[in-house]
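The structure appears right after this line, and notes come after that.
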Amino acid sequence: MAHTGVLRPGFIQLRVLDMPAAVEHYTKRVGLHQVTEGKDGRVYLKSADEFDHHSIVLRRAESAGVDMMAFKVRDDSDLDMFEKRIAEYGIAVDHKAASDVDLVREAHQSRITVDHVAAGEQPGLGRRIGFTVPSGHRIELYAHADQSDPKPRTLNPDIWELEPHGMCARRFDHALFYGPNLEEVLNFFTTVLDFKCAERINLPDGTLAIWLTCGMKAHDIAFVKHPEPGKLHHVSFDLENWQSVGNAADIIARYDISIDIGPTRHGITRGQTIYFFDPSGNRNEVFAGGYTYYPDNPTRIWDETQIGKSIFYYERVLNEAFLSVVT
Amino acid sequence: MSPLYTIMVEGAGAATCSGAERVLVALERAQGLGKLKGLPRKLPVGCRRGGCGVCRARVVEGQYRHEPMSRAHVSEADEAAGLVLSCAIYPLTNLYLRFEMPQLKNSISEPTNIT
Ligand code: FES
Ligand SMILES: [Fe+2]
């Protein structure tokens, strides 16, 4: 597959209530490494199996949740290309709506404006463009990241350069966000950012959830319908296999980490999973497996009769927290 | 060993909680043992770490210490008035607690035909 435009999830910035507790959780338990701490107190983390400077950013705040998620694009010129496409998308929406007052109002809501973040605002990163999608989440794109240690070697690389520790997270994999206007979010990601919809849940009263991919994983970002904008359901880390998911469960029990559900499996994406919470109440997931998605694959659809299996394949029913507990 | 305290939950019954234990976690344990039968619905348990807000309650009586609680769910004024996230508090005396959960913000109709 010729991979152009948006390559993959790059990093996510989370709000935490207690920085030392958060750093201990993500480094010792999840298995990441601290790269650096910025002058403003933000802490930058990565897995030893990732090349780029960082993939998780922690910011001390009074409320938990997510500030933004950023995707890496292939070339610097892609940033200009996407900025132009986002502007044209807004004009197209305005144009289509010009004759109808209600539609004009909606068009203004779905019009997305781009702002610029200078290189170096986060250490090791080039310039970024940012915008807020109709679910209320800030998304950013960037083309350049320095590499940082620890990272895999490229000449005669070992399976790992540094012994995996804790849950042995191999990378920041994806995030699930909660917010309104899913149809607009879907339209924007697929027509402007060239994502594909790998799976979705359709209820009689509309779309409940969408799983979007920019590559060959079953998902890179997903959204569930929710009245409050900008909410975080979970941030997910890739593990090697089912055995690693079991190891993560042992760590969750040993260190009294707050568990939500699992180990279990998702019908959607087929991933093997555990949901648990960081010390600020942000939900984490460790995730192994998942099918390969090719861009010509059709969208897989779940309806209300099998919604339990779609999320928790073994339990076949949603737990109470799935739709209601977010930060 | 931490001293043991009694947590009275309005309309539901009593649970035992040590001074080193999160009150909400002690209530989960009590419910698992078949106590707190008077609870109107399942105990509101989310993140257990002061972030999501579902376990919000009012401490009507008693002293406690607490870990950080998200300001999105308990403002400074709320906190001064005794509102807490019950997963983020530890008892210093016996407590009398009343759940004041936020309206559940999302719900869908019960799925049919789950086999
Ligand atoms: S359970 Fe999430 S704040 Fe208490
Ligand atoms: Fe996930």
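Ordering of the structure tokens sets the chain letters (A, B, ...), residue numbers begin anew at 1 in every chain, and ligands are numbered from 1 in the order given.
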Discussion item. Any residue with an atom at most 8 Å from ligand 1 counts, using only C-alpha atoms and all ligand atoms. Which are they? Put them as a PyMOL selection string.
Written reply: (chain A and resi 281+325) or (chain B and resi 24+44-56+69-70+85-88)
Kindly provide, as a list in words, all nucleotide and amino acid residues lying within 9 Å of ligand 2, counting only C-alpha atoms and all ligand atoms. Asp173, His174, Ala175, Leu176, His219, Asp220, Ile221, Ala222, His233, His234, Val235, Ser236, Phe237, His266, Thr269, Gly271, Thr273, Tyr275, Asn284, Glu285, Val286 and Phe287 of chain A
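Those residues in region 201-317 of chain A carrying a DSSP assignment of alpha helix (DSSP H), computed from the backbone, are Trp242, Gln243, Ser244, Val245, Gly246, Asn247, Ala248, Ala249, Asp250, Ile251, Ile252, Ala253, Arg254, Ile307, Gly308, Lys309, Ser310 and Ile311 of chain A.
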From CA of Leu141 (chain A) to CA of Val192 (chain A) the spacing works out at 12.7 Å
Would you kindly report the residues of chain A within 6 Å of chain B, using only C-alpha atoms, as a PDB file with N, CA, C and O atoms, in the first residue's frame?
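What landed in selection26.pdb:
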```pdb
ATOM      1  N   GLU A  62      -6.670  20.617  36.665  1.00  0.00           N
ATOM      2  CA  GLU A  62      -7.672  20.455  37.729  1.00  0.00           C
ATOM      3  C   GLU A  62      -8.738  19.429  37.372  1.00  0.00           C
ATOM      4  O   GLU A  62      -9.523  19.030  38.223  1.00  0.00           O
ATOM      5  N   SER A  63      -8.821  19.065  36.079  1.00  0.00           N
ATOM      6  CA  SER A  63      -9.773  18.028  35.689  1.00  0.00           C
ATOM      7  C   SER A  63      -9.044  17.041  34.786  1.00  0.00           C
ATOM      8  O   SER A  63      -8.092  17.412  34.103  1.00  0.00           O
ATOM      9  N   ALA A  64      -9.497  15.795  34.809  1.00  0.00           N
ATOM     10  CA  ALA A  64      -8.889  14.768  33.965  1.00  0.00           C
ATOM     11  C   ALA A  64      -9.449  14.888  32.549  1.00  0.00           C
ATOM     12  O   ALA A  64     -10.370  15.653  32.295  1.00  0.00           O
ATOM     13  N   PHE A 277      -7.932   2.083  34.748  1.00  0.00           N
ATOM     14  CA  PHE A 277      -7.883   3.538  34.900  1.00  0.00           C
ATOM     15  C   PHE A 277      -6.527   3.988  35.417  1.00  0.00           C
ATOM     16  O   PHE A 277      -5.919   3.328  36.263  1.00  0.00           O
ATOM     17  N   PRO A 279      -4.192   6.920  37.530  1.00  0.00           N
ATOM     18  CA  PRO A 279      -4.470   7.476  38.870  1.00  0.00           C
ATOM     19  C   PRO A 279      -5.332   8.740  38.859  1.00  0.00           C
ATOM     20  O   PRO A 279      -5.750   9.198  39.915  1.00  0.00           O
ATOM     21  N   SER A 280      -5.615   9.307  37.672  1.00  0.00           N
ATOM     22  CA  SER A 280      -6.508  10.457  37.581  1.00  0.00           C
ATOM     23  C   SER A 280      -7.882  10.062  37.064  1.00  0.00           C
ATOM     24  O   SER A 280      -8.728  10.930  36.830  1.00  0.00           O
ATOM     25  N   GLY A 281      -8.095   8.772  36.846  1.00  0.00           N
ATOM     26  CA  GLY A 281      -9.397   8.308  36.362  1.00  0.00           C
ATOM     27  C   GLY A 281      -9.546   8.284  34.859  1.00  0.00           C
ATOM     28  O   GLY A 281     -10.632   8.009  34.353  1.00  0.00           O
ATOM     29  N   GLU A 304     -28.327  -3.183  16.829  1.00  0.00           N
ATOM     30  CA  GLU A 304     -28.615  -3.178  18.270  1.00  0.00           C
ATOM     31  C   GLU A 304     -28.792  -4.585  18.832  1.00  0.00           C
ATOM     32  O   GLU A 304     -28.689  -4.770  20.034  1.00  0.00           O
ATOM     33  N   THR A 305     -29.020  -5.574  17.962  1.00  0.00           N
ATOM     34  CA  THR A 305     -29.237  -6.920  18.517  1.00  0.00           C
ATOM     35  C   THR A 305     -27.939  -7.529  19.046  1.00  0.00           C
ATOM     36  O   THR A 305     -27.977  -8.380  19.922  1.00  0.00           O
ATOM     37  N   LEU A 323     -20.913   3.160  28.570  1.00  0.00           N
ATOM     38  CA  LEU A 323     -21.501   4.354  27.959  1.00  0.00           C
ATOM     39  C   LEU A 323     -21.508   5.569  28.872  1.00  0.00           C
ATOM     40  O   LEU A 323     -21.826   6.661  28.444  1.00  0.00           O
ATOM     41  N   SER A 324     -21.173   5.387  30.155  1.00  0.00           N
ATOM     42  CA  SER A 324     -21.383   6.498  31.081  1.00  0.00           C
ATOM     43  C   SER A 324     -20.126   7.022  31.765  1.00  0.00           C
ATOM     44  O   SER A 324     -20.144   8.128  32.298  1.00  0.00           O
ATOM     45  N   VAL A 325     -19.042   6.263  31.777  1.00  0.00           N
ATOM     46  CA  VAL A 325     -17.863   6.685  32.538  1.00  0.00           C
ATOM     47  C   VAL A 325     -16.789   7.188  31.580  1.00  0.00           C
ATOM     48  O   VAL A 325     -16.189   6.410  30.832  1.00  0.00           O
ATOM     49  N   VAL A 326     -16.589   8.501  31.582  1.00  0.00           N
ATOM     50  CA  VAL A 326     -15.608   9.146  30.701  1.00  0.00           C
ATOM     51  C   VAL A 326     -14.941  10.276  31.469  1.00  0.00           C
ATOM     52  O   VAL A 326     -15.399  10.683  32.533  1.00  0.00           O
ATOM     53  N   THR A 327     -13.820  10.778  30.947  1.00  0.00           N
ATOM     54  CA  THR A 327     -13.210  11.950  31.583  1.00  0.00           C
ATOM     55  C   THR A 327     -13.061  13.069  30.556  1.00  0.00           C
ATOM     56  O   THR A 327     -13.231  12.842  29.368  1.00  0.00           O
TER      57      THR A 327
END
```
Worksheet item: How many Å separate CA of His25 (chain A) from CA of Pro152 (chain A)?
Response: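 Between CA of His25 (chain A) and CA of Pro152 (chain A) the gap works out to 22.9 Å.
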- Which parts of chain B does DSSP call strand (DSSP E) when run on the backbone here, written out as number ranges by chain? B: 4-9, 13-18, 56-61, 64-66, 83-85, 89-91, 95-99
Same residues, N, CA and C atoms, output as a compact mmCIF listing (two decimals), in the first residue's frame:
```txt
# COMPACT_ATOMS: atom_id res chain seq x y z
N LEU B 4 -10.76 1.00 61.98
CA LEU B 4 -11.95 0.74 61.16
C LEU B 4 -13.04 1.76 61.49
N TYR B 5 -13.73 2.20 60.45
CA TYR B 5 -14.82 3.16 60.63
C TYR B 5 -16.09 2.59 60.01
N THR B 6 -17.21 3.13 60.46
CA THR B 6 -18.50 2.75 59.89
C THR B 6 -18.95 3.82 58.91
N ILE B 7 -19.31 3.40 57.70
CA ILE B 7 -19.83 4.33 56.70
C ILE B 7 -21.33 4.05 56.58
N MET B 8 -22.16 4.98 57.00
CA MET B 8 -23.61 4.85 56.85
C MET B 8 -23.98 5.45 55.50
N VAL B 9 -24.67 4.68 54.67
CA VAL B 9 -25.12 5.23 53.39
C VAL B 9 -26.62 5.44 53.48
N GLY B 13 -27.84 1.30 54.21
CA GLY B 13 -27.23 0.46 55.22
C GLY B 13 -25.82 0.91 55.54
N ALA B 14 -25.06 0.03 56.19
CA ALA B 14 -23.74 0.42 56.68
C ALA B 14 -22.67 -0.49 56.13
N ALA B 15 -21.47 0.06 56.00
CA ALA B 15 -20.30 -0.72 55.57
C ALA B 15 -19.14 -0.36 56.49
N THR B 16 -18.14 -1.24 56.51
CA THR B 16 -16.93 -0.97 57.29
C THR B 16 -15.82 -0.54 56.34
N CYS B 17 -15.05 0.47 56.78
CA CYS B 17 -14.00 0.99 55.92
C CYS B 17 -12.79 1.33 56.78
N SER B 18 -11.62 0.88 56.39
CA SER B 18 -10.42 1.25 57.16
C SER B 18 -9.97 2.64 56.72
N ARG B 56 -20.21 10.71 42.86
CA ARG B 56 -20.35 11.93 43.66
C ARG B 56 -21.32 11.71 44.82
N ALA B 57 -20.96 12.21 45.99
CA ALA B 57 -21.78 12.03 47.19
C ALA B 57 -21.59 13.21 48.12
N ARG B 58 -22.50 13.31 49.08
CA ARG B 58 -22.37 14.35 50.10
C ARG B 58 -22.04 13.67 51.42
N VAL B 59 -21.00 14.15 52.08
CA VAL B 59 -20.71 13.66 53.43
C VAL B 59 -21.53 14.53 54.37
N VAL B 60 -22.58 13.92 54.93
CA VAL B 60 -23.49 14.66 55.79
C VAL B 60 -22.85 14.85 57.17
N GLU B 61 -22.09 13.83 57.57
CA GLU B 61 -21.47 13.89 58.89
C GLU B 61 -20.18 13.12 58.88
N TYR B 64 -12.95 13.33 56.90
CA TYR B 64 -12.25 12.49 55.92
C TYR B 64 -11.07 13.26 55.37
N ARG B 65 -10.15 12.53 54.75
CA ARG B 65 -9.12 13.18 53.95
C ARG B 65 -9.36 12.77 52.49
N HIS B 66 -8.77 13.50 51.56
CA HIS B 66 -9.07 13.13 50.17
C HIS B 66 -7.86 13.30 49.27
N LEU B 83 -19.56 18.14 49.35
CA LEU B 83 -19.66 17.22 48.20
C LEU B 83 -18.29 16.64 47.92
N VAL B 84 -18.26 15.35 47.60
CA VAL B 84 -16.99 14.66 47.34
C VAL B 84 -17.17 13.67 46.19
N LEU B 85 -16.06 13.17 45.69
CA LEU B 85 -16.10 11.96 44.88
C LEU B 85 -15.73 10.85 45.86
N ILE B 89 -12.03 9.68 48.74
CA ILE B 89 -11.95 10.02 50.17
C ILE B 89 -11.63 8.80 51.02
N TYR B 90 -10.95 9.09 52.14
CA TYR B 90 -10.59 8.07 53.13
C TYR B 90 -11.13 8.56 54.47
N PRO B 91 -11.79 7.68 55.24
CA PRO B 91 -12.43 8.16 56.48
C PRO B 91 -11.41 8.47 57.57
N LEU B 95 -18.56 7.90 59.04
CA LEU B 95 -19.14 8.86 58.09
C LEU B 95 -20.61 8.56 57.85
N TYR B 96 -21.37 9.60 57.53
CA TYR B 96 -22.75 9.45 57.05
C TYR B 96 -22.77 10.05 55.65
N LEU B 97 -23.12 9.21 54.68
CA LEU B 97 -22.93 9.55 53.26
C LEU B 97 -24.26 9.54 52.52
N ARG B 98 -24.46 10.50 51.61
CA ARG B 98 -25.65 10.48 50.74
C ARG B 98 -25.17 10.61 49.29
N PHE B 99 -25.51 9.62 48.46
CA PHE B 99 -25.09 9.72 47.05
C PHE B 99 -25.87 10.83 46.36
```
Requested in this report: Between CA of Ser77 (chain A) and CA of Leu7 (chain A), measure the distance and give it in Å to one decimal.
Outcome: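 Here the two named atoms are 13.7 Å from each other.
When only C-alpha atoms are used to compute distances to Lys225 (chain A), the closest of the residues A:Gly206, A:Gly10, A:Gly124, A:Pro20 turns out to be A:Gly206.
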The residue from A:Met19, A:Val43, A:Ala209, A:Ile274 with the smallest atom-to-atom distance to Trp302 (chain A), counting only C-alpha atoms, is A:Ala209
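Closest approach to Leu125 (chain A) among A:Glu37, A:Asp18, A:Asp52, A:Glu163 is made by A:Asp52 (distances from only C-alpha atoms).
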Excluding Leu36 (chain B) and residues on its chain fewer than 2 positions from it, collect all residues at most 7 Å away from it, counting only C-alpha atoms, and give them as a PDB file with N, CA and C atoms, in the first residue's frame.
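Saved as part_19.pdb:
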```pdb
ATOM      1  N   ALA B  12     -29.479   2.924  52.600  1.00  0.00           N
ATOM      2  CA  ALA B  12     -28.912   1.687  52.056  1.00  0.00           C
ATOM      3  C   ALA B  12     -28.344   0.765  53.116  1.00  0.00           C
ATOM      4  N   GLY B  13     -27.842   1.301  54.209  1.00  0.00           N
ATOM      5  CA  GLY B  13     -27.231   0.456  55.225  1.00  0.00           C
ATOM      6  C   GLY B  13     -25.824   0.906  55.536  1.00  0.00           C
ATOM      7  N   ALA B  14     -25.063   0.033  56.194  1.00  0.00           N
ATOM      8  CA  ALA B  14     -23.745   0.423  56.681  1.00  0.00           C
ATOM      9  C   ALA B  14     -22.672  -0.491  56.130  1.00  0.00           C
ATOM     10  N   ALA B  30     -18.667  -4.262  50.454  1.00  0.00           N
ATOM     11  CA  ALA B  30     -19.864  -4.543  51.253  1.00  0.00           C
ATOM     12  C   ALA B  30     -20.990  -5.039  50.353  1.00  0.00           C
ATOM     13  N   GLN B  31     -21.142  -4.412  49.186  1.00  0.00           N
ATOM     14  CA  GLN B  31     -22.212  -4.840  48.283  1.00  0.00           C
ATOM     15  C   GLN B  31     -21.955  -6.265  47.789  1.00  0.00           C
ATOM     16  N   GLY B  34     -23.215  -8.830  49.983  1.00  0.00           N
ATOM     17  CA  GLY B  34     -24.667  -8.865  50.141  1.00  0.00           C
ATOM     18  C   GLY B  34     -25.195  -7.833  51.118  1.00  0.00           C
ATOM     19  N   GLY B  38     -30.253  -1.877  50.682  1.00  0.00           N
ATOM     20  CA  GLY B  38     -31.170  -0.762  50.448  1.00  0.00           C
ATOM     21  C   GLY B  38     -30.764   0.142  49.291  1.00  0.00           C
ATOM     22  N   LEU B  39     -29.605  -0.116  48.671  1.00  0.00           N
ATOM     23  CA  LEU B  39     -29.201   0.770  47.564  1.00  0.00           C
ATOM     24  C   LEU B  39     -30.227   0.687  46.439  1.00  0.00           C
TER      25      LEU B  39
END
```
Practice item. Might you pull out every residue within 7 Å of Ile56 (chain A), with only C-alpha atoms counted and same-chain residues fewer than 3 positions away left off, and present them as a list in words? Key: Phe11, Ile12, Gln13, Tyr44, Leu45 and Lys46 of chain A
File dump, residues just selected, N, CA, C and O atoms, as a PDB file, in the first residue's frame:
```pdb
ATOM      1  N   PHE A  11       0.778  11.233  18.813  1.00  0.00           N
ATOM      2  CA  PHE A  11       0.800  11.376  20.269  1.00  0.00           C
ATOM      3  C   PHE A  11      -0.551  11.856  20.756  1.00  0.00           C
ATOM      4  O   PHE A  11      -1.396  12.315  19.983  1.00  0.00           O
ATOM      5  N   ILE A  12      -0.753  11.738  22.062  1.00  0.00           N
ATOM      6  CA  ILE A  12      -1.973  12.232  22.695  1.00  0.00           C
ATOM      7  C   ILE A  12      -1.555  12.976  23.955  1.00  0.00           C
ATOM      8  O   ILE A  12      -0.588  12.584  24.616  1.00  0.00           O
ATOM      9  N   GLN A  13      -2.228  14.096  24.234  1.00  0.00           N
ATOM     10  CA  GLN A  13      -1.915  14.863  25.449  1.00  0.00           C
ATOM     11  C   GLN A  13      -3.058  14.701  26.443  1.00  0.00           C
ATOM     12  O   GLN A  13      -4.208  15.053  26.149  1.00  0.00           O
ATOM     13  N   TYR A  44       6.889  14.172  28.933  1.00  0.00           N
ATOM     14  CA  TYR A  44       6.854  13.507  27.623  1.00  0.00           C
ATOM     15  C   TYR A  44       7.340  12.074  27.764  1.00  0.00           C
ATOM     16  O   TYR A  44       8.418  11.833  28.307  1.00  0.00           O
ATOM     17  N   LEU A  45       6.531  11.135  27.271  1.00  0.00           N
ATOM     18  CA  LEU A  45       6.805   9.710  27.448  1.00  0.00           C
ATOM     19  C   LEU A  45       6.785   8.994  26.106  1.00  0.00           C
ATOM     20  O   LEU A  45       6.168   9.446  25.144  1.00  0.00           O
ATOM     21  N   LYS A  46       7.444   7.830  26.068  1.00  0.00           N
ATOM     22  CA  LYS A  46       7.406   6.992  24.873  1.00  0.00           C
ATOM     23  C   LYS A  46       7.661   5.546  25.256  1.00  0.00           C
ATOM     24  O   LYS A  46       8.148   5.264  26.360  1.00  0.00           O
TER      25      LYS A  46
END
```
**Asked** Residues at most 9 Å from Arg270 (chain A), counting only C-alpha atoms, excluding those fewer than 6 positions away in the same chain, as number ranges by chain?
**Response** A: 218, 288-291, 310, 313
Hey, can you spit out that residue selection with all heavy atoms as a short mmCIF file (atom, residue, chain, number, x, y, z; two decimals), in the first residue's frame?
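Output file part_16.cif follows:
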```cif
data_model
loop_
_atom_site.label_atom_id
_atom_site.label_comp_id
_atom_site.auth_asym_id
_atom_site.auth_seq_id
_atom_site.Cartn_x
_atom_site.Cartn_y
_atom_site.Cartn_z
N ALA A 218 -7.18 -2.05 12.32
CA ALA A 218 -8.65 -1.98 12.31
C ALA A 218 -9.14 -0.62 12.79
O ALA A 218 -10.24 -0.21 12.45
CB ALA A 218 -9.23 -3.10 13.17
N ALA A 288 -4.21 -6.25 22.20
CA ALA A 288 -3.36 -7.10 21.35
C ALA A 288 -4.20 -7.65 20.21
O ALA A 288 -5.39 -7.93 20.38
CB ALA A 288 -2.76 -8.24 22.16
N GLY A 289 -3.57 -7.83 19.08
CA GLY A 289 -4.27 -8.44 17.95
C GLY A 289 -5.08 -7.42 17.18
O GLY A 289 -4.73 -6.26 17.08
N GLY A 290 -6.22 -7.86 16.66
CA GLY A 290 -6.98 -6.99 15.76
C GLY A 290 -6.64 -7.40 14.34
O GLY A 290 -5.52 -7.79 14.04
N TYR A 291 -7.63 -7.30 13.46
CA TYR A 291 -7.42 -7.76 12.09
C TYR A 291 -6.69 -6.71 11.26
O TYR A 291 -6.54 -5.57 11.67
CB TYR A 291 -8.75 -8.16 11.43
CG TYR A 291 -9.79 -7.07 11.38
CD1 TYR A 291 -9.75 -6.05 10.43
CD2 TYR A 291 -10.86 -7.07 12.29
CE1 TYR A 291 -10.72 -5.06 10.39
CE2 TYR A 291 -11.83 -6.08 12.26
CZ TYR A 291 -11.75 -5.08 11.30
OH TYR A 291 -12.71 -4.10 11.27
N SER A 310 -20.41 -6.83 20.21
CA SER A 310 -19.55 -5.94 19.43
C SER A 310 -18.48 -5.31 20.32
O SER A 310 -17.35 -5.16 19.90
CB SER A 310 -20.38 -4.85 18.74
OG SER A 310 -20.76 -3.83 19.65
N TYR A 313 -17.00 -9.17 23.58
CA TYR A 313 -17.39 -10.37 22.82
C TYR A 313 -17.72 -11.55 23.73
O TYR A 313 -18.62 -12.33 23.44
CB TYR A 313 -16.25 -10.75 21.87
CG TYR A 313 -16.63 -11.78 20.85
CD1 TYR A 313 -17.55 -11.47 19.84
CD2 TYR A 313 -16.09 -13.06 20.89
CE1 TYR A 313 -17.91 -12.41 18.90
CE2 TYR A 313 -16.45 -14.01 19.94
CZ TYR A 313 -17.36 -13.68 18.95
OH TYR A 313 -17.71 -14.61 18.03
#
```
